[in-house]
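Here is work22.pdb, consisting of PDB, C-alpha atoms:
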```pdb
ATOM      1  CA  MET A   1     -25.875 -15.118  -2.336
ATOM      2  CA  THR A   2     -22.390 -16.462  -3.022
ATOM      3  CA  ILE A   3     -19.666 -14.386  -4.664
ATOM      4  CA  THR A   4     -17.385 -16.610  -6.724
ATOM      5  CA  ALA A   5     -14.014 -15.121  -7.605
ATOM      6  CA  ALA A   6     -10.605 -16.371  -8.694
ATOM      7  CA  ALA A   7      -7.492 -14.946  -7.024
ATOM      8  CA  ASP A   8      -4.007 -15.253  -8.473
ATOM      9  CA  GLY A   9      -0.498 -13.814  -8.327
ATOM     10  CA  SER A  10       2.474 -13.560 -10.638
ATOM     11  CA  ALA A  11       6.165 -12.700 -10.341
ATOM     12  CA  LEU A  12       8.567 -12.352 -13.240
ATOM     13  CA  GLY A  13      11.698 -13.998 -11.873
ATOM     14  CA  ASN A  14      10.163 -14.891  -8.487
ATOM     15  CA  PRO A  15      11.257 -12.640  -6.967
ATOM     16  CA  GLY A  16      10.927  -9.899  -9.525
ATOM     17  CA  PRO A  17       8.267  -7.501 -10.794
ATOM     18  CA  ALA A  18       5.104  -8.896  -9.227
ATOM     19  CA  GLY A  19       1.367  -8.620  -9.764
ATOM     20  CA  TRP A  20      -1.877  -9.811  -8.211
ATOM     21  CA  ALA A  21      -5.488  -9.935  -9.346
ATOM     22  CA  TRP A  22      -8.913 -11.235  -8.456
ATOM     23  CA  TYR A  23     -11.651 -11.743 -11.012
ATOM     24  CA  VAL A  24     -15.426 -12.223 -10.862
ATOM     25  CA  ASN A  25     -16.281 -11.196 -14.424
ATOM     26  CA  ASP A  26     -15.164  -8.674 -17.021
ATOM     27  CA  ASP A  27     -17.002  -5.889 -15.172
ATOM     28  CA  CYS A  28     -15.814  -6.875 -11.707
ATOM     29  CA  TRP A  29     -12.096  -7.394 -11.107
ATOM     30  CA  ARG A  30      -9.049  -5.654  -9.664
ATOM     31  CA  ALA A  31      -5.285  -5.879 -10.049
ATOM     32  CA  GLY A  32      -2.125  -4.310  -8.676
ATOM     33  CA  GLY A  33       1.461  -5.152  -7.868
ATOM     34  CA  TRP A  34       4.944  -4.143  -6.768
ATOM     35  CA  PRO A  35       8.255  -3.474  -8.481
ATOM     36  CA  HIS A  36       9.707  -6.484  -6.629
ATOM     37  CA  GLY A  37       7.938  -9.413  -5.002
ATOM     38  CA  THR A  38       7.160 -13.122  -5.120
ATOM     39  CA  ASN A  39       4.387 -15.302  -6.473
ATOM     40  CA  ASN A  40       3.230 -16.086  -2.951
ATOM     41  CA  GLN A  41       3.001 -12.417  -2.027
ATOM     42  CA  GLY A  42       0.936 -11.796  -5.132
ATOM     43  CA  GLU A  43      -1.386 -14.730  -4.392
ATOM     44  CA  LEU A  44      -1.918 -13.538  -0.811
ATOM     45  CA  MET A  45      -2.476  -9.927  -1.818
ATOM     46  CA  ALA A  46      -5.167 -10.967  -4.310
ATOM     47  CA  VAL A  47      -7.048 -12.743  -1.525
ATOM     48  CA  LEU A  48      -6.618  -9.813   0.882
ATOM     49  CA  ASP A  49      -7.864  -7.263  -1.622
ATOM     50  CA  LEU A  50     -10.864  -9.443  -2.489
ATOM     51  CA  PHE A  51     -11.887  -9.540   1.183
ATOM     52  CA  ARG A  52     -11.435  -5.781   1.460
ATOM     53  CA  CYS A  53     -13.418  -5.013  -1.659
ATOM     54  CA  THR A  54     -16.347  -7.140  -0.469
ATOM     55  CA  ALA A  55     -16.294  -5.961   3.149
ATOM     56  CA  HIS A  56     -19.567  -4.085   2.560
ATOM     57  CA  LEU A  57     -21.268  -7.479   1.969
ATOM     58  CA  PRO A  58     -20.418  -9.376   5.164
ATOM     59  CA  ASP A  59     -23.449 -11.686   4.940
ATOM     60  CA  GLU A  60     -22.559 -13.024   1.510
ATOM     61  CA  GLU A  61     -20.259 -16.008   1.234
ATOM     62  CA  LEU A  62     -17.006 -15.701  -0.679
ATOM     63  CA  HIS A  63     -16.145 -18.715  -2.821
ATOM     64  CA  ILE A  64     -12.469 -18.205  -3.645
ATOM     65  CA  LEU A  65     -10.896 -20.177  -6.474
ATOM     66  CA  CYS A  66      -7.159 -20.421  -5.921
ATOM     67  CA  ASP A  67      -4.399 -22.473  -7.549
ATOM     68  CA  SER A  68      -1.998 -21.970  -4.615
ATOM     69  CA  GLN A  69      -1.987 -24.691  -1.967
ATOM     70  CA  TYR A  70       0.316 -22.430   0.057
ATOM     71  CA  VAL A  71      -2.328 -19.709   0.258
ATOM     72  CA  ILE A  72      -5.191 -22.100   0.999
ATOM     73  CA  ASN A  73      -3.274 -23.915   3.725
ATOM     74  CA  SER A  74      -1.950 -20.676   5.214
ATOM     75  CA  VAL A  75      -5.422 -19.200   5.593
ATOM     76  CA  THR A  76      -7.453 -22.290   6.466
ATOM     77  CA  LYS A  77      -4.992 -24.492   8.394
ATOM     78  CA  TRP A  78      -1.819 -22.811   9.599
ATOM     79  CA  MET A  79      -2.749 -19.280  10.706
ATOM     80  CA  PRO A  80      -4.335 -20.202  14.074
ATOM     81  CA  GLY A  81      -1.170 -22.000  15.158
ATOM     82  CA  TRP A  82       1.067 -19.235  13.877
ATOM     83  CA  LYS A  83      -0.920 -16.664  15.857
ATOM     84  CA  ARG A  84      -0.650 -18.667  19.067
ATOM     85  CA  LYS A  85       3.118 -18.816  18.600
ATOM     86  CA  GLY A  86       3.422 -15.062  17.969
ATOM     87  CA  TRP A  87       3.438 -15.511  14.184
ATOM     88  CA  ARG A  88       6.297 -17.966  14.304
ATOM     89  CA  LYS A  89       6.522 -21.411  12.779
ATOM     90  CA  ALA A  90       7.032 -24.634  14.690
ATOM     91  CA  ASP A  91      10.804 -24.285  14.323
ATOM     92  CA  GLY A  92      10.664 -20.807  15.882
ATOM     93  CA  LYS A  93      11.454 -18.960  12.665
ATOM     94  CA  PRO A  94       9.299 -15.975  11.639
ATOM     95  CA  VAL A  95       6.375 -16.732   9.346
ATOM     96  CA  LEU A  96       6.982 -15.584   5.785
ATOM     97  CA  ASN A  97       4.738 -12.829   4.420
ATOM     98  CA  VAL A  98       3.480 -12.205   7.944
ATOM     99  CA  GLU A  99       2.181  -8.691   7.310
ATOM    100  CA  ILE A 100      -0.176  -9.658   4.519
ATOM    101  CA  LEU A 101      -1.278 -12.712   6.529
ATOM    102  CA  ARG A 102      -2.086 -10.529   9.520
ATOM    103  CA  GLU A 103      -4.187  -8.282   7.327
ATOM    104  CA  ILE A 104      -6.004 -11.306   5.912
ATOM    105  CA  ASP A 105      -6.614 -12.617   9.425
ATOM    106  CA  GLN A 106      -8.242  -9.326  10.407
ATOM    107  CA  SER A 107     -10.313  -9.272   7.216
ATOM    108  CA  LEU A 108     -11.739 -12.736   7.945
ATOM    109  CA  ALA A 109     -13.555 -11.601  11.085
ATOM    110  CA  GLY A 110     -17.285 -12.066  10.663
ATOM    111  CA  ARG A 111     -16.977 -13.279   7.073
ATOM    112  CA  LYS A 112     -18.325 -16.439   5.447
ATOM    113  CA  TYR A 113     -15.872 -17.919   2.972
ATOM    114  CA  ARG A 114     -14.552 -21.114   1.471
ATOM    115  CA  PHE A 115     -11.549 -21.866  -0.712
ATOM    116  CA  GLU A 116     -11.480 -24.237  -3.640
ATOM    117  CA  TRP A 117      -8.248 -25.377  -5.194
ATOM    118  CA  VAL A 118      -8.152 -25.258  -8.983
ATOM    119  CA  ARG A 119      -5.295 -26.391 -11.168
ATOM    120  CA  GLY A 120      -3.454 -23.429 -12.647
ATOM    121  CA  HIS A 121      -2.990 -23.007 -16.378
ATOM    122  CA  ALA A 122      -5.533 -25.758 -17.033
ATOM    123  CA  GLY A 123      -8.158 -23.768 -18.889
ATOM    124  CA  HIS A 124     -10.362 -22.727 -15.939
ATOM    125  CA  ASP A 125     -11.985 -19.519 -17.197
ATOM    126  CA  LEU A 126     -11.932 -17.500 -13.966
ATOM    127  CA  ASN A 127      -8.464 -18.673 -12.970
ATOM    128  CA  GLU A 128      -7.080 -17.868 -16.414
ATOM    129  CA  ALA A 129      -8.650 -14.401 -16.314
ATOM    130  CA  ALA A 130      -7.125 -13.649 -12.893
ATOM    131  CA  ASP A 131      -3.764 -15.038 -13.996
ATOM    132  CA  ASP A 132      -3.773 -12.895 -17.144
ATOM    133  CA  ARG A 133      -4.411  -9.741 -15.133
ATOM    134  CA  ALA A 134      -1.847 -10.547 -12.434
ATOM    135  CA  ARG A 135       0.785 -11.253 -15.090
ATOM    136  CA  ALA A 136      -0.143  -8.040 -16.919
ATOM    137  CA  ALA A 137       0.391  -6.071 -13.702
ATOM    138  CA  ALA A 138       3.804  -7.658 -13.165
ATOM    139  CA  THR A 139       4.728  -6.927 -16.778
ATOM    140  CA  ALA A 140       3.656  -3.302 -16.368
ATOM    141  CA  TYR A 141       6.052  -2.909 -13.453
ATOM    142  CA  GLN A 142       8.785  -4.596 -15.451
ATOM    143  CA  GLN A 143       8.261  -2.160 -18.325
ATOM    144  CA  GLY A 144       7.694   0.923 -16.154
ATOM    145  CA  VAL A 145       4.188   1.636 -17.446
ATOM    146  CA  ALA A 146       0.862   2.153 -15.683
ATOM    147  CA  VAL A 147      -0.953  -0.879 -14.289
ATOM    148  CA  ARG A 148      -4.535  -1.549 -15.401
ATOM    149  CA  SER A 149      -6.146  -1.736 -11.968
ATOM    150  CA  GLY A 150      -9.661  -2.674 -13.108
ATOM    151  CA  PRO A 151     -13.124  -1.438 -12.082
ATOM    152  CA  GLY A 152     -13.002  -2.996  -8.606
ATOM    153  CA  PHE A 153     -15.952  -4.770  -7.057
ATOM    154  CA  VAL A 154     -19.211  -3.803  -8.715
ATOM    155  CA  ARG A 155     -22.367  -4.224  -6.674
ATOM    156  CA  GLY A 156     -25.646  -5.335  -8.116
ATOM    157  CA  ASP A 157     -26.716  -1.721  -8.611
ATOM    158  CA  GLY A 158     -23.661  -1.140 -10.800
ATOM    159  CA  ALA A 159     -21.741   0.991  -8.285
ATOM    160  CA  ALA A 160     -18.046   0.230  -7.941
ATOM    161  CA  VAL A 161     -16.212  -0.242  -4.671
ATOM    162  CA  SER A 162     -12.618  -0.173  -5.830
ATOM    163  CA  ARG A 163     -10.396   1.332  -3.103
ATOM    164  CA  PRO A 164     -11.487   0.006   0.281
ATOM    165  CA  ARG A 165      -9.860   1.303   3.426
ATOM    166  CA  THR A 166      -8.987  -0.877   6.343
ATOM    167  CA  GLY A 167      -9.298  -0.135  10.007
ATOM    168  CA  ALA A 168      -6.072  -1.960  10.757
ATOM    169  CA  SER A 169      -2.858  -0.235  11.574
ATOM    170  CA  GLY A 170      -1.329  -2.525   9.003
ATOM    171  CA  GLY A 171       2.317  -3.377   9.050
ATOM    172  CA  THR A 172       3.894  -1.429  11.892
ATOM    173  CA  ASP A 173       5.577  -4.648  13.022
ATOM    174  CA  ARG A 174       7.773  -5.462  10.051
ATOM    175  CA  ALA A 175       8.940  -8.951  10.989
ATOM    176  CA  ALA A 176      11.437 -10.769   8.819
ATOM    177  CA  GLY A 177       9.930 -12.321   5.737
ATOM    178  CA  GLY A 178       6.812 -10.110   5.683
ATOM    179  CA  ALA A 179       5.247  -8.231   2.788
ATOM    180  CA  PRO A 180       7.595  -6.798   0.162
ATOM    181  CA  SER A 181      10.338  -5.081   2.124
ATOM    182  CA  ALA A 182      11.721  -1.629   1.610
ATOM    183  CA  ALA A 183      14.977  -3.135   0.434
ATOM    184  CA  ALA A 184      13.084  -5.082  -2.189
ATOM    185  CA  LEU A 185      11.086  -2.055  -3.300
ATOM    186  CA  LYS A 186      13.855   0.474  -3.649
ATOM    187  CA  ALA A 187      16.888   0.725  -5.818
ATOM    188  CA  PRO A 188      20.249   1.973  -4.493
ATOM    189  CA  GLY A 189      20.070   5.696  -3.862
ATOM    190  CA  GLN A 190      16.274   5.858  -3.915
ATOM    191  CA  GLN A 191      15.253   8.591  -1.514
ATOM    192  CA  GLU A 192      12.708  10.996  -2.991
ATOM    193  CA  LEU A 193      10.305  11.968  -0.239
ATOM    194  CA  LEU A 194      11.311  15.170   1.514
ATOM    195  CA  THR A 195      15.028  14.586   1.139
ATOM    196  CA  PRO A 196      17.390  17.047  -0.500
ATOM    197  CA  SER A 197      18.840  15.122  -3.392
ATOM    198  CA  GLY A 198      17.363  11.643  -3.869
ATOM    199  CA  ARG A 199      17.106   9.977  -7.264
ATOM    200  CA  SER A 200      14.462   7.309  -7.768
ATOM    201  CA  ASN A 201      15.674   4.534 -10.019
ATOM    202  CA  GLN A 202      12.884   2.016  -9.377
ATOM    203  CA  PRO A 203       9.355   3.196 -10.268
ATOM    204  CA  ASP A 204       6.346   2.461  -8.123
ATOM    205  CA  LEU A 205       3.470   3.360 -10.398
ATOM    206  CA  PHE A 206      -0.280   3.617 -10.174
ATOM    207  CA  SER A 207      -2.837   1.620  -8.182
ATOM    208  CA  GLU A 208      -0.711   0.328  -5.342
ATOM    209  CA  PRO A 209      -2.571  -1.717  -2.747
ATOM    210  CA  ASP A 210      -3.132   0.499   0.251
ATOM    211  CA  LEU A 211      -2.041  -1.443   3.331
ATOM    212  CA  PHE A 212      -1.732   1.467   5.721
ATOM    213  CA  SER A 213      -4.941   3.532   5.543
ATOM    214  CA  GLU A 214      -6.989   4.701   8.492
ATOM    215  CA  LEU A 215      -4.291   4.696  11.125
ATOM    216  CA  GLU A 216      -4.607   6.355  14.508
ATOM    217  CA  ALA A 217      -5.481  10.026  14.736
ATOM    218  CA  ASP A 218      -2.679  12.583  14.642
ATOM    219  CA  PRO A 219      -1.552  13.515  18.169
ATOM    220  CA  PHE A 220      -0.322  16.918  16.964
ATOM    221  CA  ALA A 221      -3.779  17.784  15.664
ATOM    222  CA  ALA A 222      -5.242  16.919  19.057
ATOM    223  CA  GLN A 223      -2.718  19.150  20.824
ATOM    224  CA  ALA A 224      -3.098  22.018  18.406
ATOM    225  CA  GLY A 225      -6.737  22.760  19.180
ATOM    226  CA  PRO A 226      -9.383  24.329  16.969
ATOM    227  CA  GLU A 227      -7.803  27.787  17.154
ATOM    228  CA  THR A 228      -4.533  26.715  15.513
ATOM    229  CA  ALA A 229      -4.297  27.883  11.910
ATOM    230  CA  PRO A 230      -4.135  25.103   9.317
ATOM    231  CA  GLU A 231      -1.005  26.723   7.861
ATOM    232  CA  ALA A 232       0.752  26.298  11.207
ATOM    233  CA  ILE A 233      -0.381  22.689  11.532
ATOM    234  CA  VAL A 234       0.862  21.620   8.117
ATOM    235  CA  GLU A 235       4.155  23.485   8.517
ATOM    236  CA  ALA A 236       4.773  21.652  11.793
ATOM    237  CA  GLN A 237       3.897  18.325  10.192
ATOM    238  CA  GLU A 238       6.141  19.029   7.193
ATOM    239  CA  ARG A 239       9.017  19.765   9.548
ATOM    240  CA  GLU A 240       8.251  16.521  11.340
ATOM    241  CA  LEU A 241       8.500  14.620   8.055
ATOM    242  CA  LEU A 242      11.984  16.009   7.537
ATOM    243  CA  ARG A 243      13.190  14.192  10.663
ATOM    244  CA  PRO A 244      14.782  10.750  10.180
ATOM    245  CA  ASP A 245      13.008   9.338  13.239
ATOM    246  CA  THR A 246       9.632  10.205  11.717
ATOM    247  CA  ARG A 247      10.476   8.788   8.285
ATOM    248  CA  ALA A 248      11.707   5.583   9.930
ATOM    249  CA  ASP A 249       8.379   5.182  11.784
ATOM    250  CA  ILE A 250       5.983   3.577   9.300
ATOM    251  CA  GLY A 251       3.088   4.036  11.727
ATOM    252  CA  ARG A 252       3.642   7.783  11.906
ATOM    253  CA  THR A 253       4.204   8.281   8.188
ATOM    254  CA  GLY A 254       0.991   6.318   7.677
ATOM    255  CA  VAL A 255      -0.808   9.029   9.648
ATOM    256  CA  LEU A 256       0.827  11.959   7.879
ATOM    257  CA  LEU A 257       0.589  10.719   4.287
ATOM    258  CA  HIS A 258      -2.798  10.728   2.577
ATOM    259  CA  PRO A 259      -4.047   7.307   1.337
ATOM    260  CA  GLU A 260      -3.823   8.699  -2.218
ATOM    261  CA  PHE A 261      -0.423  10.359  -1.729
ATOM    262  CA  THR A 262       1.764  10.672  -4.802
ATOM    263  CA  GLU A 263       5.117  12.240  -5.500
ATOM    264  CA  ILE A 264       6.819  13.228  -8.714
ATOM    265  CA  GLY A 265      10.482  12.624  -8.074
ATOM    266  CA  THR A 266      13.445  14.383  -9.563
ATOM    267  CA  SER A 267      13.771  11.504 -12.019
ATOM    268  CA  GLY A 268      10.260  12.164 -13.337
ATOM    269  CA  ARG A 269       8.820   8.977 -11.849
ATOM    270  CA  LEU A 270       5.484   8.866 -10.059
ATOM    271  CA  TRP A 271       5.606   7.305  -6.591
ATOM    272  CA  THR A 272       2.764   6.032  -4.422
ATOM    273  CA  ARG A 273       2.360   6.080  -0.684
ATOM    274  CA  ASP A 274       2.995   2.462   0.273
ATOM    275  CA  SER A 275       6.309   1.952  -1.466
ATOM    276  CA  MET A 276       7.572   5.337  -0.273
ATOM    277  CA  MET A 277       6.666   4.534   3.322
ATOM    278  CA  MET A 278       8.482   1.214   3.217
ATOM    279  CA  ALA A 279      11.515   2.676   1.453
ATOM    280  CA  LEU A 280      11.825   5.477   4.005
ATOM    281  CA  GLU A 281      11.479   3.051   6.899
ATOM    282  CA  GLU A 282      14.404   1.067   5.532
ATOM    283  CA  ASN A 283      16.555   4.106   4.760
ATOM    284  CA  PRO A 284      15.243   7.345   6.333
ATOM    285  CA  GLY A 285      18.344   9.338   5.363
ATOM    286  CA  GLY A 286      19.690  12.346   7.221
ATOM    287  CA  GLY A 287      17.820  15.317   8.560
ATOM    288  CA  ALA A 288      17.155  18.528   6.657
ATOM    289  CA  GLU A 289      16.359  22.116   7.504
ATOM    290  CA  LEU A 290      13.249  23.861   6.193
ATOM    291  CA  ASP A 291      13.304  27.492   5.068
ATOM    292  CA  LEU A 292       9.682  28.415   4.511
ATOM    293  CA  ILE A 293       8.819  30.286   1.316
ATOM    294  CA  GLY A 294       5.056  30.295   1.614
ATOM    295  CA  ALA A 295       2.042  28.620   3.204
ATOM    296  CA  ASP A 296      -1.050  29.442   1.172
ATOM    297  CA  ARG A 297      -4.662  28.357   1.497
ATOM    298  CA  VAL A 298      -5.808  27.082  -1.882
ATOM    299  CA  GLY A 299      -9.250  26.038  -0.686
ATOM    300  CA  ALA A 300     -11.242  25.474   2.461
ATOM    301  CA  GLU A 301      -9.497  22.142   3.006
ATOM    302  CA  ALA A 302      -6.133  22.536   1.253
ATOM    303  CA  VAL A 303      -2.837  24.276   2.037
ATOM    304  CA  LEU A 304       0.082  24.609  -0.382
ATOM    305  CA  LEU A 305       3.457  24.711   1.329
ATOM    306  CA  THR A 306       6.576  25.859  -0.562
ATOM    307  CA  TYR A 307      10.030  25.858   0.954
ATOM    308  CA  ARG A 308      13.743  25.249   0.535
ATOM    309  CA  SER A 309      15.214  22.163   2.201
ATOM    310  CA  LYS A 310      18.889  22.088   3.131
ATOM    311  CA  GLY A 311      20.859  18.965   3.943
ATOM    312  CA  ARG A 312      24.311  17.474   3.623
ATOM    313  CA  ALA A 313      23.801  16.791  -0.088
ATOM    314  CA  GLY A 314      22.690  20.310  -0.960
ATOM    315  CA  SER A 315      19.447  22.210  -1.212
ATOM    316  CA  SER A 316      16.162  21.659  -3.037
ATOM    317  CA  LEU A 317      13.068  23.699  -3.759
ATOM    318  CA  ARG A 318       9.976  21.820  -2.669
ATOM    319  CA  SER A 319       6.204  22.067  -2.731
ATOM    320  CA  SER A 320       3.698  20.059  -0.705
ATOM    321  CA  LEU A 321      -0.081  20.016  -0.974
ATOM    322  CA  TRP A 322      -1.771  19.194   2.328
ATOM    323  CA  VAL A 323      -5.481  18.388   2.454
ATOM    324  CA  LEU A 324      -7.931  17.910   5.294
ATOM    325  CA  ASP A 325      -8.969  14.247   5.492
ATOM    326  CA  GLY A 326     -11.725  14.174   8.091
ATOM    327  CA  SER A 327     -10.098  15.900  11.059
ATOM    328  CA  GLN A 328      -6.522  15.076   9.973
ATOM    329  CA  TRP A 329      -4.291  17.194   7.734
ATOM    330  CA  ARG A 330      -2.431  14.812   5.410
ATOM    331  CA  LEU A 331       0.158  15.252   2.692
ATOM    332  CA  ARG A 332      -1.530  14.571  -0.654
ATOM    333  CA  PHE A 333       1.194  15.531  -3.157
ATOM    334  CA  HIS A 334       4.879  16.385  -3.043
ATOM    335  CA  GLN A 335       7.443  17.473  -5.594
ATOM    336  CA  GLY A 336      11.057  18.547  -5.250
ATOM    337  CA  THR A 337      13.692  19.997  -7.553
ATOM    338  CA  PRO A 338      17.413  20.104  -6.673
ATOM    339  CA  GLU A 339      18.690  23.665  -6.554
ATOM    340  CA  ALA A 340      21.593  24.520  -8.808
TER
END
```
Turn this file's structure into structure tokens for me.
Amino acid sequence: MTITAAADGSALGNPGPAGWAWYVNDDCWRAGGWPHGTNNQGELMAVLDLFRCTAHLPDEELHILCDSQYVINSVTKWMPGWKRKGWRKADGKPVLNVEILREIDQSLAGRKYRFEWVRGHAGHDLNEAADDRARAAATAYQQGVAVRSGPGFVRGDGAAVSRPRTGASGGTDRAAGGAPSAAALKAPGQQELLTPSGRSNQPDLFSEPDLFSELEADPFAAQAGPETAPEAIVEAQERELLRPDTRADIGRTGVLLHPEFTEIGTSGRLWTRDSMMMALEENPGGGAELDLIGADRVGAEAVLLTYRSKGRAGSSLRSSLWVLDGSQWRLRFHQGTPEA
């Protein structure tokens, strides 16, 4: 069987609010985006997500319709040479969008696929449908509203596979010109996660592509042992997240934050995991002290932590919900309120 899908990207301003989408039919498509990105990043992300969402069907060929010669050439012609040169071009400069390309390269292993170039905006039904959805995602980020992410990949039995997880560490080497950078994703002063007084001015809304799932196991959990109380584990991990060196380490924050992590910032905006991780890596801020208020079990696999954080900018009252994800305690939700 061959899966035929169109993949497309959009950026309003290029760079600007950006979206991506792939489309098989009206019951089988997916879209997402970023507050700031380029057309090429959107085109690449659409291809990456399509491979991820069909990873459970490795024996079926992917027939990818794409109107970007850049994407087709990158994947089918240039990547082997870039890899041999350490992801650098012939002139020695870093490859643009290297992080998404690395993820695509890993997703290609064992897959059967072929690309077909189609002319954009020329009335091709699948290409137009993908373009419409990618542009709608970019527009949603521009307007600060929720993105329609779509049903995901729907198998023949009607079951959806819409949020795949990768086994890759994904993006710990943030070479120049890679996926949307923290600087691109954050506005001046943005610093919500576990910092005393940040104000988020640039929303990162629903359905972000998850580039950092399934990272290595938590070394603290291995050291703690089965006798260590969950409350003690999550308190130690919360304290770790208050350290600038931890927030600057995108590999470590990828372990501590749940794949579905969200935060409601002091501005009232909803933030997702990926943009927060990249923003904190770029600007981890100063350290803060934690005065514990309570650590309460709210279920067999959930702990609610409440505390006061104190830093140079003042103090905040904070709450964090930690959940057990396999054998790893991960932060699922966080909210903070500056203290008067």
Just checking: using only C-alpha atoms, which residue out of A:Ile72, A:Val118, A:Leu44, A:Gly299 ends up closest to A:Arg102?
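With only C-alpha atoms as the atom set, the closest residue is A:Leu44.
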Please indicate the distance in Å from atom CA of A:Phe333 to atom CA of A:Ser309, rounded to one decimal place.
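Interatomic distance here is 16.4 Å.
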Shortest interatomic distance to A:Ala302 - which of A:Pro259, A:Gly268, A:Gly326, A:Pro230, counting all atoms listed in the file:
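Of A:Pro259, A:Gly268, A:Gly326, A:Pro230, the one nearest A:Ala302 is A:Pro230, counting all atoms listed in the file.
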Apply the PyMOL selection byres ((chain A and resi 58) around 12) to the file shown and report the selected residues as a short mmCIF file (atom, residue, chain, number, x, y, z; two decimals) with C-alpha atoms, in the coordinates of the input.
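The result, written out as selection.cif:
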```
data_model
loop_
_atom_site.label_atom_id
_atom_site.label_comp_id
_atom_site.auth_asym_id
_atom_site.auth_seq_id
_atom_site.Cartn_x
_atom_site.Cartn_y
_atom_site.Cartn_z
CA MET A 1 -25.88 -15.12 -2.34
CA THR A 2 -22.39 -16.46 -3.02
CA ILE A 3 -19.67 -14.39 -4.66
CA PHE A 51 -11.89 -9.54 1.18
CA ARG A 52 -11.44 -5.78 1.46
CA CYS A 53 -13.42 -5.01 -1.66
CA THR A 54 -16.35 -7.14 -0.47
CA ALA A 55 -16.29 -5.96 3.15
CA HIS A 56 -19.57 -4.08 2.56
CA LEU A 57 -21.27 -7.48 1.97
CA ASP A 59 -23.45 -11.69 4.94
CA GLU A 60 -22.56 -13.02 1.51
CA GLU A 61 -20.26 -16.01 1.23
CA LEU A 62 -17.01 -15.70 -0.68
CA SER A 107 -10.31 -9.27 7.22
CA LEU A 108 -11.74 -12.74 7.94
CA ALA A 109 -13.56 -11.60 11.08
CA GLY A 110 -17.28 -12.07 10.66
CA ARG A 111 -16.98 -13.28 7.07
CA LYS A 112 -18.32 -16.44 5.45
CA TYR A 113 -15.87 -17.92 2.97
#
```
Residues within 12 Å of A:Thr246, only C-alpha atoms, excluding chain neighbours under 2 positions, as a ChimeraX atom specification:
/A:194,237-244,248-257,277,280-281,283-287
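The coordinates place atom CA of A:Thr337 at 23.6 Å from atom CA of A:Ala232.
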I'd like to see the residues matched by the PyMOL selection byres ((chain A and resi 334) around 7) on this file, and ideally I'd get them as number ranges by chain.
A: 262-264, 319-321, 333, 335-336
Atoms kept (C-alpha atoms) for selection, written as a compact mmCIF listing (two decimals), keeping the file's coordinate frame:
```txt
# COMPACT_ATOMS: atom_id res chain seq x y z
CA THR A 262 1.76 10.67 -4.80
CA GLU A 263 5.12 12.24 -5.50
CA ILE A 264 6.82 13.23 -8.71
CA SER A 319 6.20 22.07 -2.73
CA SER A 320 3.70 20.06 -0.70
CA LEU A 321 -0.08 20.02 -0.97
CA PHE A 333 1.19 15.53 -3.16
CA GLN A 335 7.44 17.47 -5.59
CA GLY A 336 11.06 18.55 -5.25
```
To one decimal in Å, tell me the separation between atom CA of A:Phe115 and atom CA of A:Glu103.
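Between atom CA of A:Phe115 and atom CA of A:Glu103 the gap is 17.4 Å.
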Closest of A:Leu270, A:Leu290, A:Leu65, A:Ala21 to A:Ala136 - atom-to-atom distances counting only C-alpha atoms
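Counting only C-alpha atoms, the residue closest to A:Ala136 is A:Ala21.
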Ground truth for the PyMOL selection byres ((chain A and resi 234) around 9), written as an NGL selection string
:A and (229-233 or 235-239 or 295 or 303 or 305 or 322 or 329-331)
List the neighbours of A:Ala7 out to 12 Å using only C-alpha atoms; skip same-chain residues closer than 2 positions along the sequence, and give me the result as a ChimeraX atom specification.
/A:4-5,9-10,19-24,29-31,39-51,62-68,71-72,115-118,120,126-134
